[in-house]
Amino acid sequence: MNKDELLYHYFSNSLTQAQEELFQNLLKTDPEFKAQFDFENNVKRVTKEKRHLDLKAKLGSFESDIKKKNIPIAKFNFSLWKIAASVALLIIAGWFGYNSFFGVDYENLYSENYTKYPNTVVPILKGPDAVITTEIKAFQAYESNDDLNAILFFKELKAQKNPKYIDFYLAQSYLGSNQIEKAITHFSTVIEMNQEFSEKAKWYLALTYLKNSDILKATEQLKEIISEEAYKAQEAKELLKAIN
Amino acid sequence: MHRADNITLEDLREGSDEVLKQVYEENRDKFINFAKRYNLSHEDVVDVYQDAYIAFYDNIMNGKVQSFTSSISTYIISIGKYLILDKLKKNNKTINPDFDISILRPEEELIDALDLDTKKLTTEQELLRKHFNALGRKCKELLDLFYYRGFTIKEILELGSYNSENVIKSTKSRCLKTLKEHIKDSVSDE
């Protein structure tokens, strides 16, 4: 049996006992065989990672759907709940009627207004002397729109150093990967803690609400930006006009 | 739509979004209730649930789970317990001596049979991932079937996209060669 066949049987889980012994022996004594094994093993790990990232994105959207459905109704007693449900039905019916004639396409408005905030924190250098830190890995992933990996590295960085920009870029990556609830949480933290990017976070929080079709909160957020003449105030005015 | 209890291994292996979502939703509350005792934030619990779900999915897809010996929720909760324990260890969290560690211990027999590798990619693997993503669709699919699913060449042939085992073997070699060359080029460019 040649070495390629041995590797083939290893990766398809079909080595016999005798082949297993030969395989282990070659790993120890044949550097070329070991290098090929390491390469293929890395390919295996990478295919797994790709599956994970694809599935994680799906789970993120399932989670957003669940959160959308879970509007808190526990505090209502039953009759109040019935009234609320009737009012909600009337509003929804009215909205659908209105929307079918004069519909506002919030998704489209979001896309027209959303531009991912650039990396203004660390320059990404290339070359043999480039030092690859967690921060660099995070922004490399961020710049190449690999939001799920960016989240992993930003979270790692938050645990290590907790730099003051971290919630803003985490929120950006959550928004980019459609994890709306988490994006809202982290943009809100930036604003509440008055962190470095708090003005910018207000604009992105408004956009996040818009993407989530939460028009009341988006409107509230946009009005605040306009009254404070904050970042993107002019765009906020135009967006508010378009929503209403 | 059937209940998650009636979902078969084949349903899961086909991996339609509908089935994935159903299993996710039907086990989520049970997992969150179970994890309440570990004093983790809601966000952390949801993260662990998703990681446990992904690990469960891996073991369905790579054939480690050949038949269900327990319900889907038992699998996911056992994996979740294992991951929580792992997380507590990594964070070096001390556990209150009054805390009964045995409730954290996952169902060992179930867990031992599974692949639960939670290591992050090495720098070398990160580079490989970048170039893997740049491969053509056919190469990515073939390498996924062979390495992630653990399919034999014969099983890949049975899927019907290739005419012979030799074509599959030569395509796989070509894909690996391309990947190696791209990595070599990118390293020598730097």
# chains A, B, ... in the order shown; residues from 1 in each chain; ligands from 1
$ closest_atom_pairs --of "chain B" --to "chain A" --cutoff "6 Å" --atoms "only C-alpha atoms" --output "tab-separated table"
residue	atom	partner	partner_atom	distance
B:Gln125	CA	A:Asn42	CA	5.9
B:Arg129	CA	A:Val46	CA	5.6
B:Asp144	CA	A:Thr47	CA	5.6
B:Tyr147	CA	A:Lys44	CA	4.8
B:Tyr148	CA	A:Lys48	CA	5.8
B:Gly150	CA	A:Ser12	CA	5.1
B:Thr152	CA	A:Ser12	CA	5.5
B:Glu190	CA	A:Gly127	CA	4.6
$ residues_around --residues "Lys154 in chain B" --least-positions-apart "6" --cutoff "10 Å" --atoms "only C-alpha atoms" --output "list in words"
Ser164, Glu165 and Ile168 of chain B
$ closest_residue --among "B:Leu159, B:Arg137, B:Lys169, B:Val48" --to "Leu85 in chain B" --atoms "only C-alpha atoms"
B:Val48
$ select_by_dssp --residues "range 4-188 of chain B" --states "helix (DSSP H, G or I)" --output "PyMOL selection string"
chain B and resi 4-6+9-14+17-38+42-61+72-90+101-103+108-112+123-133+137-148+153-158+165-188
$ residues_around --residues "Tyr209 in chain A" --least-positions-apart "3" --cutoff "9 Å" --atoms "only C-alpha atoms" --output "list in words"
Ile180, Ile184, Tyr204, Leu205, Ala206, Asn212, Ser213, Asp214, Ile215, Leu216, Lys217, Ala218, Thr219 and Gln221 of chain A
$ residues_around --residues "Ala55 in chain B" --least-positions-apart "5" --cutoff "9 Å" --atoms "only C-alpha atoms" --output "ChimeraX atom specification"
/A:52 /B:50,60,76,79,114-118
$ residues_around --residues "Ser188 in chain A" --least-positions-apart "2" --cutoff "9 Å" --atoms "only C-alpha atoms" --output "mmCIF file with C-alpha atoms, in the first residue's frame"
data_model
loop_
_atom_site.group_PDB
_atom_site.id
_atom_site.type_symbol
_atom_site.label_atom_id
_atom_site.label_comp_id
_atom_site.auth_asym_id
_atom_site.auth_seq_id
_atom_site.Cartn_x
_atom_site.Cartn_y
_atom_site.Cartn_z
ATOM 1 C CA ALA A 183 -25.707 44.615 17.898
ATOM 2 C CA ILE A 184 -28.343 46.639 19.797
ATOM 3 C CA THR A 185 -26.870 45.622 23.171
ATOM 4 C CA HIS A 186 -23.323 46.636 22.254
ATOM 5 C CA VAL A 190 -21.171 52.439 23.764
ATOM 6 C CA ILE A 191 -23.789 55.204 24.076
ATOM 7 C CA GLU A 192 -24.578 54.635 27.753
ATOM 8 C CA MET A 193 -20.912 54.522 28.756
ATOM 9 C CA SER A 198 -20.719 57.046 21.107
ATOM 10 C CA ALA A 201 -22.986 54.424 17.656
ATOM 11 C CA LYS A 202 -26.212 56.505 17.757
ATOM 12 C CA LEU A 205 -28.167 52.041 16.501
#
$ atom_distance --atom1 "CA of Gln66 in chain B" --atom2 "CA of Asp11 in chain B"
13.2 Å
